[in-house]
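Participant: Mind looking over this structure? Questions follow.
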Amino acid sequence: MLISSNRKKELNLFNKKYKLNFKNLELLNQAFLHTSYIFEEKLGRIESYERLEFLGDAVLKLSVSNLLYNSYPNSMEGKLTEKRAVIVSDKTIAEFAKTLGLDDLILVGKCEGEIKKESILACSFEALLGAIYLEKGYKKAESFLLSNFRDEILKIDYINPKAKLQELTQKYNHNLPEYIVMEEKGPAHDKTFVVGVYYEDKFIEKGEAKSKKEAEFEAAKKAYNKLKEIYKED
C-alpha cells in the first residue's frame with residue numbers, strides 16, 4: 001500500500017513519541033486499518049488489522065497474566081482470571097487506545113461514522129501489540145504495554161461484576177441472573193461472543209468480547225448499572 005506523505009508523518013510522529021522504532025511503516029499502518037476503509041477505498045489485497053489483532057490479543061493476555069501472577073502471589077487462579085477479564089475487556093482497552101491517540105490514527109469507512117466505536121479502538125490497540133510483536137518480539141510488546149499502562153492496570157476496579165449483579169438482584173428477589181450466548185461471530189480461531197443477561201425471564205443487557213467469560217462480565221456490568229437506576233440504588 002502506498003502511504004501518503006501526510007500519513008507517513010503521522011505514523012513517524014507516533015513511532016517517535018512511543019520509541020517504537022518501527023522500520024516497517026506498512027506494518028504499523030496496518031494496525032490502524034479497519035476492513036470498512038479497505039473496502040470503501042478499493043484497496044484490494046491490503047490487509048486490515050484483523051490478523052494482527054489475533055496476535056495482539058494473545059500478547060495482551062499473556063502480558064497481563066504475567067503482571068497479575070507476579071503482583072498478586074496470594075490470589076488463586078479464579079480471582080486472577082476475573083481480574084484479567086476486567087482488564088482485557090473492550091471498555092478498558094478502548095480507553096488505553098484513546099490515551100495513545102489511536103482514535104486519530106485509525107482509518108475507517110464512512111459506514112462506521114466519524115466517531116470510533118469502543119470495539120474498533122480495542123481491536124486496533126491489540127493489533128498494534130501484534131505489530132510490535134512481529135517487528136520487535138514479545139518482550140518489546142510487553143514492555144510497551146506495561147511502560148504505558150502498568151499503573152492503570154493495577155488500579156483497575158477488580159470487583160466481579162457478576163457478583164455485584166447477583167447481590168443486587170438477590171436484594172429484591174431470590175431469582176438469579178441467567179447468561180445466554182446469543183451469537184458467535186468470526187472464524188473458529190478468532191471468535192467473538194455476544195452474551196445476554198436475563199433476569200426474571202426478561203432480557204436486560206448484552207456484552208460482546210473474545211471469550212464467553214469476558215462477554216458475561218460486560219453484560220453483567222451493563223445490567224448492574226441499568227438495574228441500579230431502576231431500583232434507585234446509590
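Naming scheme: A, B, ... for chains in displayed order of the C-alpha cells; residues 1 onward per chain; ligands 1 onward as shown.
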Hey, what does DSSP flag as alpha helix (DSSP H) within stretch 28-191 of chain A? Can you give it to me as a ChimeraX atom specification?

Facilitator: /A:28-30,35-40,50-71,77-87,90-100,118-136,138-155,161-172

Participant: Can you spit out the residues from that selection as a CSV table (one decimal), in the first residue's frame, using C-alpha atoms?

Facilitator:
```
chain,number,residue,atom,x,y,z
A,28,LEU,CA,2.5,-0.2,11.7
A,29,ASN,CA,-0.1,1.4,9.4
A,30,GLN,CA,-1.9,-2.0,9.0
A,35,THR,CA,-11.9,-3.5,7.0
A,36,SER,CA,-14.6,-0.9,6.1
A,37,TYR,CA,-11.8,1.5,5.0
A,38,ILE,CA,-10.1,-1.1,2.8
A,39,PHE,CA,-13.4,-2.0,1.2
A,40,GLU,CA,-14.5,1.6,0.5
A,50,GLU,CA,-7.7,-8.3,12.0
A,51,ARG,CA,-4.8,-10.8,11.7
A,52,LEU,CA,-2.6,-8.5,13.8
A,53,GLU,CA,-5.4,-8.3,16.3
A,54,PHE,CA,-5.4,-12.1,16.6
A,55,LEU,CA,-1.7,-12.0,17.6
A,56,GLY,CA,-2.1,-8.9,19.8
A,57,ASP,CA,-4.9,-10.4,21.8
A,58,ALA,CA,-2.6,-13.3,22.8
A,59,VAL,CA,0.2,-10.8,23.6
A,60,LEU,CA,-2.1,-8.7,25.7
A,61,LYS,CA,-3.5,-11.7,27.7
A,62,LEU,CA,0.0,-13.2,28.4
A,63,SER,CA,1.4,-9.8,29.4
A,64,VAL,CA,-1.5,-9.1,31.8
A,65,SER,CA,-1.4,-12.6,33.1
A,66,ASN,CA,2.3,-12.3,33.9
A,67,LEU,CA,1.8,-9.0,35.7
A,68,LEU,CA,-1.1,-10.3,37.8
A,69,TYR,CA,0.6,-13.5,38.6
A,70,ASN,CA,3.6,-11.7,40.0
A,71,SER,CA,1.7,-8.8,41.6
A,77,GLU,CA,-6.5,-18.9,39.6
A,78,GLY,CA,-10.2,-18.0,39.7
A,79,LYS,CA,-9.6,-14.5,41.1
A,80,LEU,CA,-6.7,-13.8,38.6
A,81,THR,CA,-9.0,-14.8,35.8
A,82,GLU,CA,-11.7,-12.4,36.9
A,83,LYS,CA,-9.2,-9.6,37.2
A,84,ARG,CA,-7.7,-10.3,33.8
A,85,ALA,CA,-11.2,-10.4,32.2
A,86,VAL,CA,-11.9,-6.8,33.5
A,87,ILE,CA,-8.5,-5.6,32.2
A,90,ASP,CA,-13.1,-3.7,25.2
A,91,LYS,CA,-14.1,-0.9,27.6
A,92,THR,CA,-10.7,-0.9,29.3
A,93,ILE,CA,-8.6,-1.4,26.2
A,94,ALA,CA,-10.5,1.2,24.3
A,95,GLU,CA,-9.5,3.7,27.0
A,96,PHE,CA,-5.9,2.7,26.6
A,97,ALA,CA,-6.3,3.2,22.8
A,98,LYS,CA,-7.6,6.8,23.4
A,99,THR,CA,-4.8,7.6,25.7
A,100,LEU,CA,-2.3,6.7,22.9
A,118,GLU,CA,-15.3,1.1,21.5
A,119,SER,CA,-14.7,-2.3,19.8
A,120,ILE,CA,-12.7,-0.8,17.0
A,121,LEU,CA,-10.5,1.1,19.4
A,122,ALA,CA,-9.9,-2.0,21.4
A,123,CYS,CA,-9.2,-4.2,18.3
A,124,SER,CA,-6.7,-1.6,16.9
A,125,PHE,CA,-4.9,-1.5,20.2
A,126,GLU,CA,-4.5,-5.3,20.1
A,127,ALA,CA,-3.4,-5.1,16.5
A,128,LEU,CA,-0.7,-2.6,17.5
A,129,LEU,CA,0.6,-5.0,20.1
A,130,GLY,CA,0.6,-7.7,17.3
A,131,ALA,CA,2.5,-5.4,15.0
A,132,ILE,CA,5.1,-4.7,17.7
A,133,TYR,CA,5.4,-8.4,18.4
A,134,LEU,CA,6.1,-9.1,14.7
A,135,GLU,CA,8.6,-6.3,14.3
A,136,LYS,CA,10.4,-6.4,17.7
A,138,TYR,CA,7.3,-10.4,22.6
A,139,LYS,CA,9.5,-8.6,25.2
A,140,LYS,CA,9.2,-5.3,23.3
A,141,ALA,CA,5.4,-5.6,23.0
A,142,GLU,CA,5.1,-6.5,26.7
A,143,SER,CA,7.4,-3.6,27.6
A,144,PHE,CA,5.3,-1.2,25.5
A,145,LEU,CA,2.1,-2.2,27.3
A,146,LEU,CA,3.5,-2.1,30.8
A,147,SER,CA,5.6,1.0,30.4
A,148,ASN,CA,2.5,2.9,29.4
A,149,PHE,CA,-0.3,1.2,31.4
A,150,ARG,CA,1.2,-0.8,34.3
A,151,ASP,CA,-0.1,1.6,37.0
A,152,GLU,CA,-3.6,1.9,35.3
A,153,ILE,CA,-3.8,-1.9,35.1
A,154,LEU,CA,-3.1,-2.4,38.8
A,155,LYS,CA,-5.5,0.4,39.8
A,161,PRO,CA,-19.5,-7.5,38.0
A,162,LYS,CA,-21.4,-10.8,38.0
A,163,ALA,CA,-21.1,-11.0,41.8
A,164,LYS,CA,-22.3,-7.3,42.1
A,165,LEU,CA,-25.3,-8.0,39.9
A,166,GLN,CA,-26.2,-11.1,41.8
A,167,GLU,CA,-26.0,-9.3,45.1
A,168,LEU,CA,-28.3,-6.5,43.7
A,169,THR,CA,-30.9,-8.9,42.3
A,170,GLN,CA,-31.0,-11.1,45.5
A,171,LYS,CA,-31.7,-7.9,47.5
A,172,TYR,CA,-35.0,-7.7,45.7
```

Participant: Among stretch 16-204 of chain A, which ones does DSSP assign to strand (DSSP E) (computed from the backbone)? Answer as number ranges by chain.

Facilitator: A: 178-185, 192-199, 202-204

Participant: I'd like to know which of A:Pro73, A:Pro187, A:Gly101, A:Gly44 is closest to A:Lys17, using only C-alpha atoms.

Facilitator: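 Of the candidates, the smallest distance to A:Lys17 is held by A:Gly101.
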
Participant: Could you check which of A:Ile204, A:Ser75, A:His34, A:Leu107 is closest to A:Lys228, using only C-alpha atoms?

Facilitator: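 Smallest separation from A:Lys228 among the options: A:Ile204.
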